[in-house]
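Structure data (compact mmCIF, C-alpha atoms) from data-v3.txt:
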```txt
# COMPACT_ATOMS: atom_id res chain seq x y z
CA MET A 1 0.00 0.00 0.00
CA ILE A 2 1.30 3.49 -0.86
CA GLU A 3 1.78 5.62 2.26
CA THR A 4 0.24 9.07 2.68
CA PRO A 5 2.32 12.21 1.98
CA GLU A 6 2.21 13.13 5.72
CA LYS A 7 3.71 9.79 6.67
CA PHE A 8 6.41 10.22 4.03
CA ARG A 9 7.53 13.40 5.80
CA ARG A 10 7.15 12.00 9.30
CA ASN A 11 9.33 9.02 8.44
CA GLY A 12 11.77 11.15 6.48
CA PHE A 13 11.76 9.26 3.19
CA ALA A 14 9.82 11.52 0.80
CA ARG A 15 12.79 11.69 -1.54
CA GLU A 16 13.27 7.91 -1.61
CA CYS A 17 9.58 7.36 -2.25
CA ALA A 18 9.48 9.92 -5.05
CA LEU A 19 12.52 8.33 -6.68
CA GLU A 20 10.84 4.93 -6.53
CA LEU A 21 7.63 6.34 -8.01
CA LYS A 22 9.64 7.91 -10.81
CA ARG A 23 11.30 4.56 -11.50
CA LEU A 24 7.94 2.76 -11.60
CA PHE A 25 6.07 5.45 -13.52
CA PRO A 26 8.63 7.44 -15.54
CA ASP A 27 5.94 8.96 -17.74
CA LYS A 28 4.00 10.18 -14.71
CA ILE A 29 6.61 11.51 -12.27
CA LEU A 30 8.22 14.60 -13.75
CA ILE A 31 9.99 16.20 -10.79
CA GLY A 32 13.09 18.37 -10.74
CA SER A 33 14.04 18.36 -7.08
CA MET A 34 12.86 15.27 -5.25
CA ASN A 35 13.75 16.51 -1.76
CA ARG A 36 11.67 19.71 -2.11
CA LEU A 37 8.31 18.22 -3.01
CA SER A 38 5.38 20.28 -1.84
CA LYS A 39 2.56 18.68 0.12
CA ASN A 40 0.19 19.20 -2.82
CA SER A 41 2.67 17.67 -5.26
CA MET A 42 3.03 14.57 -3.16
CA LYS A 43 -0.74 14.31 -2.69
CA GLY A 44 -1.25 14.58 -6.43
CA ILE A 45 1.33 11.89 -7.15
CA VAL A 46 -0.07 9.49 -4.56
CA LYS A 47 -3.66 10.06 -5.72
CA GLU A 48 -2.72 9.35 -9.33
CA ILE A 49 -0.84 6.18 -8.40
CA HIS A 50 -3.72 5.06 -6.15
CA ASP A 51 -6.13 5.59 -9.06
CA GLU A 52 -3.96 3.52 -11.38
CA LEU A 53 -3.64 0.73 -8.83
CA ASN A 54 -7.40 0.74 -8.18
CA GLU A 55 -8.13 0.52 -11.92
CA SER A 56 -5.61 -2.28 -12.26
CA ALA A 57 -7.19 -4.18 -9.35
CA ALA A 58 -10.65 -3.70 -10.85
CA LEU A 59 -9.52 -4.98 -14.23
CA SER A 60 -7.92 -7.97 -12.52
CA ARG A 61 -11.25 -8.78 -10.86
CA HIS A 62 -13.02 -8.78 -14.20
CA LYS A 63 -10.35 -10.96 -15.76
CA GLU A 64 -11.20 -13.61 -13.15
CA LYS A 65 -14.89 -13.66 -14.16
CA MET A 66 -16.70 -15.65 -16.81
CA TYR A 67 -18.67 -13.90 -19.54
CA TYR A 68 -21.32 -15.20 -21.93
CA HIS A 69 -22.36 -14.74 -25.54
CA GLY A 70 -25.40 -16.46 -27.01
CA THR A 71 -26.58 -17.23 -30.53
CA THR A 72 -29.49 -19.16 -32.00
CA SER A 73 -27.66 -19.81 -35.26
CA ARG A 74 -25.98 -23.15 -35.95
CA GLU A 75 -23.95 -21.45 -38.65
CA SER A 76 -22.69 -18.80 -36.19
CA TYR A 77 -21.97 -21.52 -33.63
CA GLU A 78 -19.73 -23.40 -36.05
CA LYS A 79 -18.01 -20.22 -37.20
CA ILE A 80 -17.31 -19.08 -33.63
CA ILE A 81 -15.73 -22.43 -32.79
CA GLN A 82 -13.35 -22.00 -35.70
CA GLU A 83 -12.68 -18.25 -35.61
CA GLY A 84 -13.76 -16.92 -32.21
CA ILE A 85 -16.39 -14.28 -31.47
CA LYS A 86 -15.76 -11.40 -33.83
CA PRO A 87 -17.12 -7.83 -33.79
CA ILE A 88 -20.62 -7.49 -35.19
CA GLU A 89 -20.99 -6.45 -38.80
CA ASP A 90 -24.71 -5.77 -39.06
CA ASP A 91 -25.72 -3.36 -41.82
CA SER A 92 -29.41 -4.00 -41.17
CA LYS A 93 -29.34 -1.74 -38.10
CA LYS A 94 -28.93 1.95 -38.70
CA GLY A 95 -28.55 5.10 -36.64
CA PHE A 96 -29.06 4.88 -32.89
CA MET A 97 -29.54 1.10 -32.88
CA LYS A 98 -26.38 0.21 -34.80
CA PRO A 99 -23.77 -1.60 -32.65
CA VAL A 100 -20.47 0.19 -32.08
CA GLU A 101 -17.96 -0.80 -34.73
CA GLY A 102 -15.21 -3.17 -33.66
CA LYS A 103 -16.94 -4.36 -30.46
CA VAL A 104 -17.89 -7.82 -29.20
CA TYR A 105 -20.79 -7.79 -26.75
CA LEU A 106 -20.70 -10.03 -23.67
CA THR A 107 -22.53 -10.34 -20.37
CA PRO A 108 -21.52 -11.57 -16.91
CA ASP A 109 -25.12 -12.74 -16.46
CA ILE A 110 -25.59 -16.30 -17.73
CA SER A 111 -29.39 -15.90 -17.67
CA TYR A 112 -29.19 -12.90 -19.97
CA GLY A 113 -26.83 -14.77 -22.28
CA ALA A 114 -29.37 -17.60 -22.43
CA ILE A 115 -31.97 -15.18 -23.82
CA TYR A 116 -29.80 -14.69 -26.90
CA ALA A 117 -29.03 -18.39 -27.14
CA LEU A 118 -32.74 -19.31 -27.06
CA GLY A 119 -33.99 -16.41 -29.16
CA GLY A 120 -36.16 -14.90 -26.44
CA CYS A 121 -37.15 -15.00 -22.77
CA PHE A 122 -37.72 -18.75 -22.62
CA VAL A 123 -35.84 -19.55 -19.42
CA GLY A 124 -38.41 -21.55 -17.43
CA HIS A 125 -40.87 -21.54 -20.33
CA GLU A 126 -41.64 -23.77 -23.29
CA ILE A 127 -40.53 -22.95 -26.83
CA SER A 128 -42.95 -23.52 -29.67
CA ASP A 129 -42.55 -26.54 -31.94
CA ARG A 130 -41.64 -24.18 -34.76
CA GLY A 131 -38.73 -22.73 -32.77
CA ILE A 132 -37.48 -26.21 -31.96
CA LYS A 133 -37.89 -27.45 -35.53
CA GLU A 134 -35.62 -24.69 -36.82
CA ASP A 135 -32.84 -25.88 -34.49
CA ARG A 136 -33.18 -28.01 -31.40
CA TYR A 137 -30.31 -26.27 -29.65
CA GLY A 138 -29.43 -22.79 -28.46
CA TYR A 139 -25.72 -21.99 -28.23
CA LEU A 140 -24.29 -20.21 -25.19
CA PHE A 141 -20.55 -19.54 -25.25
CA GLU A 142 -18.36 -19.02 -22.18
CA VAL A 143 -15.58 -16.45 -22.46
CA PRO A 144 -12.98 -16.22 -19.67
CA GLY A 145 -12.18 -12.70 -18.49
CA SER A 146 -8.54 -13.32 -19.38
CA GLU A 147 -9.60 -12.96 -23.03
CA LEU A 148 -10.69 -9.35 -22.49
CA ASN A 149 -8.38 -6.52 -23.40
CA ASP A 150 -10.11 -3.15 -23.89
CA ILE A 151 -13.54 -3.12 -22.27
CA GLN A 152 -16.28 -0.58 -21.74
CA PRO A 153 -19.91 -0.79 -20.61
CA ASP A 154 -22.47 -1.80 -23.23
CA GLU A 155 -23.69 1.58 -24.47
CA ASP A 156 -27.34 0.50 -24.30
CA GLU A 157 -26.90 -0.26 -20.60
CA VAL A 158 -25.42 3.20 -20.01
CA GLY A 159 -28.60 4.66 -21.50
CA ASP A 160 -30.75 2.32 -19.40
CA ILE A 161 -29.00 3.39 -16.18
CA LEU A 162 -29.55 7.04 -17.03
CA ALA A 163 -33.21 6.39 -17.90
CA GLY A 164 -33.70 4.83 -14.48
CA TYR A 165 -34.88 1.35 -15.42
CA SER A 166 -31.66 -0.62 -15.15
CA LYS A 167 -31.72 -3.55 -12.75
CA HIS A 168 -28.16 -2.64 -11.77
CA GLY A 169 -29.11 0.24 -9.49
CA LYS A 170 -29.50 3.97 -9.29
CA CYS A 171 -27.77 6.24 -11.80
CA PRO A 172 -24.50 7.57 -10.32
CA LEU A 173 -24.44 11.33 -9.80
CA TRP A 174 -21.40 11.78 -12.05
CA LEU A 175 -23.22 10.07 -14.95
CA GLU A 176 -26.33 12.19 -14.32
CA ASN A 177 -24.23 15.36 -14.44
CA MET A 178 -22.34 14.21 -17.52
CA ALA A 179 -25.65 13.64 -19.30
CA LYS A 180 -27.08 17.01 -18.28
CA TYR A 181 -24.07 18.89 -19.62
CA ASN A 182 -23.47 16.91 -22.81
CA LEU A 183 -26.72 15.52 -24.21
CA GLY A 184 -28.71 18.67 -24.73
CA ASP A 185 -32.04 19.42 -23.04
CA TYR A 186 -34.22 17.68 -25.64
CA THR A 187 -32.29 14.39 -25.66
CA TYR A 188 -31.91 14.41 -21.88
CA LYS A 189 -35.67 14.83 -21.38
CA LYS A 190 -36.43 12.08 -23.91
CA VAL A 191 -34.12 9.68 -22.10
CA LYS A 192 -35.57 10.46 -18.67
CA MET A 193 -39.01 9.73 -20.15
CA GLY A 194 -37.67 6.34 -21.32
CA ASP A 195 -38.31 7.21 -24.96
CA TYR A 196 -36.55 4.80 -27.34
CA PRO A 197 -34.44 5.15 -29.45
CA TRP A 198 -33.13 8.16 -27.49
CA VAL A 199 -31.92 5.90 -24.68
CA PRO A 200 -29.29 3.99 -26.73
CA LYS A 201 -28.41 7.22 -28.54
CA ALA A 202 -27.55 8.82 -25.21
CA GLY A 203 -25.58 5.74 -24.13
CA LYS A 204 -23.48 5.83 -27.30
CA LYS A 205 -22.58 9.48 -26.74
CA LEU A 206 -21.86 9.16 -23.03
CA VAL A 207 -19.66 6.07 -23.31
CA LYS A 208 -17.34 8.06 -25.60
CA LEU A 209 -16.92 10.69 -22.89
CA MET A 210 -16.24 8.32 -20.03
CA ASN A 211 -12.74 7.71 -18.70
CA ASP A 212 -11.33 4.36 -17.60
CA THR A 213 -12.31 4.86 -13.96
CA GLN A 214 -15.91 5.64 -14.93
CA ASN A 215 -16.00 2.62 -17.23
CA ILE A 216 -14.91 0.37 -14.37
CA LEU A 217 -17.42 1.93 -11.95
CA LEU A 218 -20.30 0.95 -14.25
CA ILE A 219 -18.85 -2.45 -15.08
CA ASP A 220 -18.57 -3.09 -11.32
CA MET A 221 -22.34 -2.57 -11.17
CA GLY A 222 -22.71 -5.74 -13.28
CA VAL A 223 -23.60 -4.24 -16.65
CA HIS A 224 -23.06 -6.02 -19.95
CA ILE A 225 -19.80 -5.11 -21.63
CA ALA A 226 -18.32 -4.37 -25.02
CA ASN A 227 -14.81 -5.66 -25.73
CA HIS A 228 -12.70 -4.20 -28.51
CA GLY A 229 -11.73 -6.96 -30.91
CA LYS A 230 -12.47 -10.66 -31.09
CA VAL A 231 -12.37 -13.08 -28.16
CA MET A 232 -11.95 -16.85 -28.03
CA PRO A 233 -14.50 -18.79 -25.96
CA SER A 234 -13.36 -21.56 -23.63
CA GLY A 235 -16.55 -23.60 -23.84
CA VAL A 236 -20.13 -23.72 -25.11
CA TYR A 237 -23.47 -24.97 -23.78
CA LEU A 238 -25.76 -26.64 -26.32
CA ILE A 239 -29.06 -25.92 -24.59
CA ASP A 240 -31.85 -28.39 -25.39
CA LYS A 241 -34.83 -26.25 -26.41
CA THR A 242 -37.27 -29.06 -25.66
CA ARG A 243 -36.41 -28.77 -21.97
CA THR A 244 -36.26 -25.00 -21.37
CA LYS A 245 -39.25 -25.20 -18.98
CA GLU A 246 -36.95 -27.06 -16.56
CA LEU A 247 -34.36 -24.28 -16.62
CA LYS A 248 -34.17 -22.27 -13.39
CA GLU A 249 -34.34 -18.49 -13.55
CA ASP A 250 -30.67 -18.14 -12.62
CA CYS A 251 -29.66 -20.99 -14.98
CA SER A 252 -27.93 -22.75 -12.11
CA ASN A 253 -29.11 -26.09 -13.51
CA ILE A 254 -28.11 -25.36 -17.10
CA LEU A 255 -25.94 -28.49 -17.24
CA ASP A 256 -29.03 -30.61 -16.57
CA ILE A 257 -30.53 -29.69 -19.93
CA SER A 258 -27.39 -28.94 -21.96
CA GLU A 259 -24.40 -30.61 -23.48
CA TYR A 260 -21.24 -28.75 -22.53
CA LYS A 261 -18.27 -28.73 -24.89
CA LYS A 262 -14.87 -27.51 -23.78
CA LEU A 263 -13.10 -25.63 -26.56
```
Let me see whether you can do it: turn the structure in this file into structure tokens.
Amino acid sequence: MIETPEKFRRNGFARECALELKRLFPDKILIGSMNRLSKNSMKGIVKEIHDELNESAALSRHKEKMYYHGTTSRESYEKIIQEGIKPIEDDSKKGFMKPVEGKVYLTPDISYGAIYALGGCFVGHEISDRGIKEDRYGYLFEVPGSELNDIQPDEDEVGDILAGYSKHGKCPLWLENMAKYNLGDYTYKKVKMGDYPWVPKAGKKLVKLMNDTQNILLIDMGVHIANHGKVMPSGVYLIDKTRTKELKEDCSNILDISEYKKL
């Protein structure tokens, strides 16, 4: 743990500490005279290093998690096994609803991933014969957090949090203020009214303004994420659509109705 500036002075090793910080962070510590650091200078240095360490710890936590990506398509399933999960290239969606270029969308919530694998909210419910006839299985991929590199919150979730109907909790004050000052009165009012497609539009704009710390704060809330570039899954559940009624809401018994393949 990095000591406080006051303790540096009390123990008489401010210079040694500053030298060590400069060695560890040469691009951050630009100091002429190490033994004449002001109190504010030392506070600034320590705060910046603390922020970097906190972000690093947060990213480490997310790299230890498992994330999910679902698809109903057998063709996509086979392609993902061979090539990994690649950024979406969907020209059918335009404007506010178009996914951000270069991103792969994942969720830490296995139940939410199952919605995409089954083609709808069928966890605990039966799927029609027609849906089963098209393909008996839904495909839910597991992606270890170690595959992630450059992550940010799913922009739609950012809009949902601002609109006030996210299951992940109350909108943080800093996000509320960011929206007020950057969206414009008309868009802000539309979002607060829950008026789609203004909600994802707002999310797309705000996520571009957010710094790494703010990204991590929202990701810590449990939101879905967008990773820059492709990821390789470590396994896949082939969920039997004829047995979705047996599936618990939290998908804790998913192995009971699925075949799991390690990749």
Q. Hey, which of A:Glu155, A:Met66, A:Gly84, A:Ile132 ends up closest to Met210 (chain A)? Count all atoms listed in the file.
A.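 Ranked by minimum distance to Met210 (chain A), first place goes to A:Glu155.
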(Q) If I take CA of Gly169 (chain A) and CA of Gln214 (chain A), how far is one from the other in Å, to one decimal? (A)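 Here the two named atoms are 15.3 Å from each other.
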For the interface of region 140-239 of chain A with region 95-111 of chain A (cut-off 12 Å, counting all atoms listed in the file), please tabulate each contacting residue of region 140-239 of chain A alongside its nearest pair of atoms and their separation in Å to one decimal, rows sorted by chain and increasing number, as a tab-separated table.
```
residue	atom	partner	partner_atom	distance
A:Leu140	CA	A:Ile110	CA	8.5
A:Phe141	CA	A:Ile110	CA	9.6
A:Glu142	CA	A:Ile110	CA	8.9
A:Val143	CA	A:Leu106	CA	8.3
A:Pro144	CA	A:Pro108	CA	10.1
A:Gly145	CA	A:Pro108	CA	9.5
A:Glu147	CA	A:Leu106	CA	11.5
A:Leu148	CA	A:Val104	CA	10.0
A:Asn149	CA	A:Val104	CA	11.2
A:Asp150	CA	A:Lys103	CA	9.6
A:Ile151	CA	A:Lys103	CA	9.0
A:Gln152	CA	A:Lys103	CA	9.5
A:Pro153	CA	A:Tyr105	CA	9.4
A:Asp154	CA	A:Tyr105	CA	7.1
A:Glu155	CA	A:Val100	CA	8.4
A:Asp156	CA	A:Met97	CA	8.9
A:Glu157	CA	A:Thr107	CA	11.0
A:Gly159	CA	A:Phe96	CA	11.4
A:Lys167	CA	A:Asp109	CA	11.9
A:His168	CA	A:Asp109	CA	11.5
A:Tyr196	CA	A:Phe96	CA	9.3
A:Pro197	CA	A:Phe96	CA	6.4
A:Trp198	CA	A:Phe96	CA	7.5
A:Val199	CA	A:Phe96	CA	8.8
A:Pro200	CA	A:Phe96	CA	6.2
A:Lys201	CA	A:Phe96	CA	5.0
A:Ala202	CA	A:Phe96	CA	8.8
A:Gly203	CA	A:Phe96	CA	9.5
A:Lys204	CA	A:Phe96	CA	8.0
A:Lys205	CA	A:Phe96	CA	10.0
A:Val207	CA	A:Val100	CA	10.6
A:Lys208	CA	A:Val100	CA	10.7
A:Ile219	CA	A:Pro108	CA	9.7
A:Asp220	CA	A:Pro108	CA	10.6
A:Met221	CA	A:Pro108	CA	10.7
A:Gly222	CA	A:Pro108	CA	7.0
A:Val223	CA	A:Thr107	CA	7.2
A:His224	CA	A:Thr107	CA	4.4
A:Ile225	CA	A:Leu106	CA	5.4
A:Ala226	CA	A:Tyr105	CA	4.6
A:Asn227	CA	A:Val104	CA	5.1
A:His228	CA	A:Lys103	CA	4.7
A:Gly229	CA	A:Gly102	CA	5.8
A:Lys230	CA	A:Val104	CA	6.4
A:Val231	CA	A:Val104	CA	7.7
A:Met232	CA	A:Val104	CA	10.9
A:Pro233	CA	A:Leu106	CA	11.0
A:Val236	CA	A:Ile110	CA	11.8
A:Tyr237	CA	A:Ile110	CA	10.8
```
**Q.** For CA of Ile216 (chain A) and CA of Lys192 (chain A), the interatomic separation in Å (one decimal)
**A.**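 CA of Lys192 (chain A) lies at a distance of 23.4 Å from CA of Ile216 (chain A).
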Q: Give me, please, the distance in Å between CA of Asp129 (chain A) and CA of Ser252 (chain A), quoted to one decimal.
A: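 Spanning CA of Asp129 (chain A) to CA of Ser252 (chain A) is a straight-line distance of 24.9 Å.
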Q: May I have the residues within 10 Å of Glu246 (chain A) as a PyMOL selection string, using only C-alpha atoms and disregarding those fewer than 6 positions away in the same chain?
A: chain A and resi 123-126+253-254+256-257
(Q) Report as an MDAnalysis selection string all protein, DNA and RNA residues lying within 12 Å of Glu75 (chain A), evaluated on all atoms listed in the file, omitting residues in the same chain fewer than 4 positions from it. (A) chainID A and resid 71 79:82 135 138:139
(Q) Counting all atoms listed in the file, which residues sit no farther than 10 Å from the position (-21.4, 10.6, -14.3) in the file's frame? I'd like them as a VMD selection string. (A) chain A and resid 162 171 to 180 206 209 to 210 214 217 to 218
Using C-alpha atoms, can you export the residues from the last selection as a tab-separated table (two decimals), keeping the file's coordinate frame?
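Done, and the output landed in part.tsv:
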```
chain	number	residue	atom	x	y	z
A	162	LEU	CA	-29.55	7.04	-17.03
A	171	CYS	CA	-27.77	6.24	-11.80
A	172	PRO	CA	-24.50	7.57	-10.32
A	173	LEU	CA	-24.44	11.33	-9.80
A	174	TRP	CA	-21.40	11.78	-12.05
A	175	LEU	CA	-23.22	10.07	-14.95
A	176	GLU	CA	-26.33	12.19	-14.32
A	177	ASN	CA	-24.23	15.36	-14.44
A	178	MET	CA	-22.34	14.21	-17.52
A	179	ALA	CA	-25.65	13.64	-19.30
A	180	LYS	CA	-27.08	17.01	-18.28
A	206	LEU	CA	-21.86	9.16	-23.03
A	209	LEU	CA	-16.92	10.69	-22.89
A	210	MET	CA	-16.24	8.32	-20.03
A	214	GLN	CA	-15.91	5.64	-14.93
A	217	LEU	CA	-17.42	1.93	-11.95
A	218	LEU	CA	-20.30	0.95	-14.25
```
**Q.** Residue with smallest distance to Tyr260 (chain A) - pool A:Asp185, A:Lys248, A:Ser128, A:Tyr137, counting all atoms listed in the file
**A.**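 Ranking A:Asp185, A:Lys248, A:Ser128, A:Tyr137 by distance to Tyr260 (chain A), first place goes to A:Tyr137.
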